[in-house]
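Enquirer: Here it is, the structure in full.
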Amino acid sequence: MVEKKTIGSVVIKLCFVIILVILALSCFLPLLYNLAVSLSSKAAAEAGMVGFWPVDFTLDAYKEIMKDSNFLMSFAVSVKRVLVSLGITLPVLILAAYPLAKSKQEFAPRNIVLWIFVFCMLFSGGTIPWYIVMKNYNLMNSIFGLAICGGVPVFNLILMVNFFQGIPRELEEAAMIDGADPWYILMKIIIPLSKPVIATIALFTIVTQWNDFFQGLVLSTGSEYYPLQTYIKQLVFQLDASQMTQEQIKQMTSMSNTTLNAAKIFISMVPVLCIYPFLQKYFVKGITLGSVKG
Amino acid sequence: MVIPALVWLIFINIVPMFGIVMAFQDFNPGKGILHSDFVGLENFAYMFKMKDVGQIFKNTIIIAVGKLILNIVVPVIFALLLNEIKNIFFSRTIQTIVYLPHFISWVVMGGILLDVFGLYGPVNKILLSLGQDRIAFFRISGLFRTLAVGTDVWKEFGFNAVVYLAALTGIDPALYEAAAIDGASRWKRMIHITLSGLKPIIVLMSILALGNILNAGFDQIYNIYNQAVYSTGDIIDTWVFRVGLNDMQFSIATAVGLLKSVVGFILISSSYYIAYKKANYRIF
């Protein structure tokens with residue numbers, strides 16, 4: 001379509017571009033500010049001189065972090081937690097989604113089982129009973145506990161069921177006629193065809209597990225068991241002593257290590273930034289998959 | 001094959017549901033759930049007398065409704081604007097940047113925001129250079145709800161726009177050409193073709209969002225609030241957490257949590273049902 005280039009339409013388009021750029025900058029600049037602070041000298045950062053570019057560039061904060069055993073321990077807890085939860089979530093969901101994607105004729109309890117899962121997604125006993133039960137299971141201070149305490153990720157299960165339903169029945173029927181059993185079909189046909197949805201769920205799981213701070217906070221009795229986000233939360237929280245006068249806050253800010261905290265915050269974002277390109281490739285499909293079906 | 005998932009579901013999701021009996025007990029951790037004294041509805045009666053409780057429900061609903069509306073309006077406007085830009089490289093770049101905040105945790109974002117809006121942060125620096133006084137943004141109770149809604153919309157608008165952008169690709173380009181030939185201006189085309197093409201999905205998203213009217217976002221609020229703004233910023237989830245796990249008032253916190261769970265469940269189920277009836281939305 002050929003658009004008439006009147007002055008009005010050019011101006012409007014320019015306004016759109018400007019608004020979009022401002023929106024994008026607003027998403028990007030706070031992160032850049034944080035990075036700039038982490039790379040600046042302590043003095044410059046605490047004097048509030050840093051904008052979006054480091055002042056007196058230095059890697060001191062990062063060097064110091066490499067010696068901070070608490071931080072490194074929390075980082076390790078988070079990494080292990082992500083790996084354990086991937087190792088549990090993916091096989092369990094694939095196994096469950098395969099029969100649940102069948103029709104009611106082939107797997108009679110399909111609907112009732114799915115509704116039970118959906119019910120558990122929508123209703124919960126609340127934080128307190130959940131905490132007491134986890135405590136009684138002895139899941140405190142354990143990586144395994146952190147990996148499973150969120151319960152079954154029902155949303156991801158449904159995503160997978162919906163994807164499996166889209167795989168042509170004929171493929172499976174042909175394999176069955178050739179004498180393949182369900183296990184063989186699952187391993188050799190369904191899983192290879194489902195790489196996109198498996199990748200989506202793996203990425204969602206990594207992000208959720210990495211970003212959680214609450215379960216880590218509630219299910220740990222000491223800071224040595226904290227996953228990284230909980231550790232960061234404690235850092236930020238200590239800075240935010242609420243009922244202080246402005247003078248006290250000023251004093252507190254000057255005592256706390258601004259650049260070090262900024263560097264820790266930045267490192268905690270790095271894994272998400274690393275998988276972000278892959279995430280972006282898949283999540284659009286993942287979200288739209290679950291919506292309206294004709 | 002479903003058994004591993006069911007076992008997981010039973011132990012982690014279902015067993016805690018029986019813990020809601022605590023809401024009807026004077027729960028004593030020493031005695032455990034089975035032996036604590038049964039008090040009937042006493043906790044609920046007590047709860048409605050606490051002036052905190054009315055306030056936290058009010059705060060929750062105000063913040064949640066604000067988010068509900070703006071989390072639809074802003075992403076739709078963003079999608080409409082982006083749709084007008086035909087340069088693929090530009091629109092890809094914009095999308096890549098605005099989706100990112102969704103994947104960063106509230107702990108990190110909260111930390112960064114408190115810093116950016118802090119007394120000595122960049123925002124106050126700008127205010128100062130404009131001749132204004134420094135403002136302790138996150139400590140002013142009158143400002144907190146606005147900031148909570150605003151920062152949430154800011155963090156999520158790109159991600160929320162994904163469904164609308166996906167729906168826009170389904171609009172037939174021939175409609176635009178026909179309208180242009182008939183002399184419809186850019187605005188008219190945007191409103192009568194683009195926006196009305198988005199209408200079904202906007203209606204669906206609004207209905208689904210209605211179910212979340214009691215979810216004001218624990219992760220966010222917990223990471224940006226402080227004692228100075230409890231009066232306007234304390235929501236059900238943060239209150240339950242503080243009263244239950246910090247002050248160890250298990251029963252009363254469970255009762256409030258239960259009330260929220262039940263009402264929330266009814267709201268969400270009804271919204272799903274309406275979405276199913278009106279828009280043929282199915283979960284599976």
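FYI, nothing fancy with the structure tokens labels: chains A, B, ... in order, residues from 1 per chain, ligands from 1 as they appear.
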At a cut-off of 12 Å, using only C-alpha atoms, what residues contact Lys63 of chain A? Leave out same-chain residues fewer than 2 positions from it and give the result as a CSV table (one decimal) with C-alpha atoms, in the first residue's frame.
Expert:
```csv
chain,number,residue,atom,x,y,z
A,38,SER,CA,28.7,-1.2,39.8
A,39,LEU,CA,31.6,-0.2,37.6
A,58,THR,CA,37.0,0.2,38.1
A,59,LEU,CA,36.4,-3.5,38.5
A,60,ASP,CA,37.0,-3.4,42.2
A,61,ALA,CA,33.4,-4.3,43.2
A,65,ILE,CA,32.6,-10.2,45.2
A,66,MET,CA,34.8,-13.0,44.0
A,67,LYS,CA,36.1,-13.2,47.6
A,68,ASP,CA,32.7,-12.9,49.3
A,259,THR,CA,28.9,-0.2,44.3
A,260,LEU,CA,29.2,-3.7,45.8
A,263,ALA,CA,27.5,-5.4,41.3
A,264,LYS,CA,25.8,-8.2,43.2
```
Enquirer: Go through chain B residue by residue and, counting only C-alpha atoms, keep those with an atom at most 7 Å from chain A; for each kept residue give the shortest atom pair and its distance in Å to one decimal, ordered by chain and increasing number, as a tab-separated table.
Expert:
```
residue	atom	partner	partner_atom	distance
B:Met1	CA	A:Leu95	CA	5.2
B:Val2	CA	A:Ala96	CA	4.1
B:Pro4	CA	A:Val92	CA	6.1
B:Ala5	CA	A:Val92	CA	5.7
B:Trp8	CA	A:Val152	CA	6.4
B:Leu9	CA	A:Val152	CA	5.7
B:Ile12	CA	A:Gly151	CA	5.2
B:Asn13	CA	A:Gly151	CA	5.6
B:Pro16	CA	A:Trp130	CA	4.9
B:Met17	CA	A:Gly125	CA	4.0
B:Gly19	CA	A:Pro129	CA	4.7
B:Ile20	CA	A:Gly125	CA	5.8
B:Leu81	CA	A:Phe16	CA	6.0
B:Ile94	CA	A:Ala24	CA	5.9
B:Ile97	CA	A:Ala24	CA	5.9
B:Val98	CA	A:Ala24	CA	5.6
B:Pro101	CA	A:Cys27	CA	6.6
B:Phe103	CA	A:Val207	CA	6.9
B:Ile104	CA	A:Met269	CA	6.8
B:Ser105	CA	A:Asn211	CA	5.0
B:Val107	CA	A:Lys233	CA	5.7
B:Val108	CA	A:Ile265	CA	6.1
B:Gly111	CA	A:Val236	CA	5.9
B:Ile112	CA	A:Asn34	CA	6.6
B:Val116	CA	A:Pro30	CA	6.9
B:Tyr120	CA	A:Gly48	CA	6.0
B:Gly121	CA	A:Gly48	CA	6.6
B:Pro122	CA	A:Gly51	CA	6.9
B:Val162	CA	A:Val284	CA	6.6
B:Val163	CA	A:Thr288	CA	6.4
B:Glu177	CA	A:Met1	CA	6.6
B:Asn226	CA	A:Ser242	CA	5.9
B:Gln227	CA	A:Ser242	CA	5.9
B:Ala228	CA	A:Ser242	CA	6.4
B:Gly244	CA	A:Ile128	CA	6.5
B:Phe250	CA	A:Ile128	CA	6.6
B:Thr254	CA	A:Ile128	CA	5.9
B:Gly257	CA	A:Gly126	CA	5.4
B:Leu258	CA	A:Gly126	CA	6.3
B:Ser261	CA	A:Phe123	CA	6.2
B:Phe265	CA	A:Phe123	CA	5.7
B:Asn280	CA	A:Val292	CA	6.8
B:Tyr281	CA	A:Val292	CA	5.1
B:Arg282	CA	A:Val292	CA	6.7
B:Ile283	CA	A:Gly290	CA	6.8
B:Phe284	CA	A:Asn162	CA	6.2
```
Enquirer: Give the alpha helix (DSSP H) residues of segment 44-284 of chain A, as DSSP finds them on the backbone, and put them as a ChimeraX atom specification.
Expert: /A:44-46,60-65,69-100,110-122,127-136,143-148,154-165,169-177,182-185,191-193,195-211,214-218,228-239,246-255,258-284
Enquirer: Write out as a PDB file with N, CA and C atoms, in the first residue's frame each polymer residue whose atoms come within 8 Å of segment 194-197 of chain B, counting only C-alpha atoms; drop sequence neighbours fewer than 6 positions from it.
Expert:
```
ATOM      1  N   LEU B  80      -0.694  -0.770  19.560  1.00  0.00           N
ATOM      2  CA  LEU B  80      -1.201   0.044  18.451  1.00  0.00           C
ATOM      3  C   LEU B  80      -0.096   0.912  17.859  1.00  0.00           C
ATOM      4  N   ALA B 167      -2.331 -10.879  18.049  1.00  0.00           N
ATOM      5  CA  ALA B 167      -3.656 -10.746  17.446  1.00  0.00           C
ATOM      6  C   ALA B 167      -3.621  -9.803  16.241  1.00  0.00           C
ATOM      7  N   LEU B 168      -2.757  -8.782  16.307  1.00  0.00           N
ATOM      8  CA  LEU B 168      -2.669  -7.813  15.202  1.00  0.00           C
ATOM      9  C   LEU B 168      -2.206  -8.468  13.908  1.00  0.00           C
ATOM     10  N   ILE B 171      -4.967  -9.631  11.545  1.00  0.00           N
ATOM     11  CA  ILE B 171      -5.899  -8.724  10.850  1.00  0.00           C
ATOM     12  C   ILE B 171      -5.557  -8.667   9.356  1.00  0.00           C
TER      13      ILE B 171
END
```
Enquirer: For a quick check of understanding, using only C-alpha atoms, which of B:His192, B:Met22, B:Leu143, B:Tyr276 has the smallest distance to Ala179 of chain B?
Expert: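 Looking only at the distances to Ala179 of chain B, the closest residue turns out to be B:His192.
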Enquirer: Can you work out which one of B:Ile268, B:Ala23, B:Ile85, B:Val203 has the shortest atom-to-atom distance to Phe44 of chain B, counting only C-alpha atoms?
Expert: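 Closest to Phe44 of chain B of all the choices is B:Ala23.
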Enquirer: Can you tell me how far atom CA of Ala136 of chain B sits from atom CA of Lys155 of chain B, in Å to one decimal?
Expert: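 Separation between atom CA of Ala136 of chain B and atom CA of Lys155 of chain B: 20.9 Å.
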Enquirer: Quick one: everything within 10 Å of segment 246-248 of chain B, counting only C-alpha atoms, minus sequence neighbours fewer than 5 positions away in the same chain. Send it as a list in words.
Expert: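 Skipping anything fewer than 5 positions along the chain leaves Ile128 of chain A; Asn28, Pro29, Val240, Phe241 and Ala253 of chain B.
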Enquirer: Just want the 8 Å neighbourhood of Phe78 of chain B, counted on only C-alpha atoms, with same-chain residues fewer than 2 positions away dropped. Output as an MDAnalysis selection string.
Expert: (chainID A and resid 20) or (chainID B and resid 74:76 80:82 157:158 161)
Enquirer: Print the selection's residues with C-alpha atoms to a file, as a PDB file, in the first residue's frame.
Expert:
```
ATOM      1  CA  LEU A  20       8.193   4.118  21.640  1.00  0.00           C
TER       2      LEU A  20
ATOM      3  CA  VAL B  74      -1.071   0.635  28.300  1.00  0.00           C
ATOM      4  CA  PRO B  75      -0.138  -2.594  26.475  1.00  0.00           C
ATOM      5  CA  VAL B  76      -2.950  -2.038  23.943  1.00  0.00           C
ATOM      6  CA  LEU B  80      -1.201   0.044  18.451  1.00  0.00           C
ATOM      7  CA  LEU B  81       1.774   2.395  18.251  1.00  0.00           C
ATOM      8  CA  LEU B  82       4.203  -0.361  17.430  1.00  0.00           C
ATOM      9  CA  PHE B 157       3.554  -3.675  29.668  1.00  0.00           C
ATOM     10  CA  GLY B 158       5.862  -5.119  27.025  1.00  0.00           C
ATOM     11  CA  ALA B 161       1.440  -6.560  24.799  1.00  0.00           C
TER      12      ALA B 161
END
```
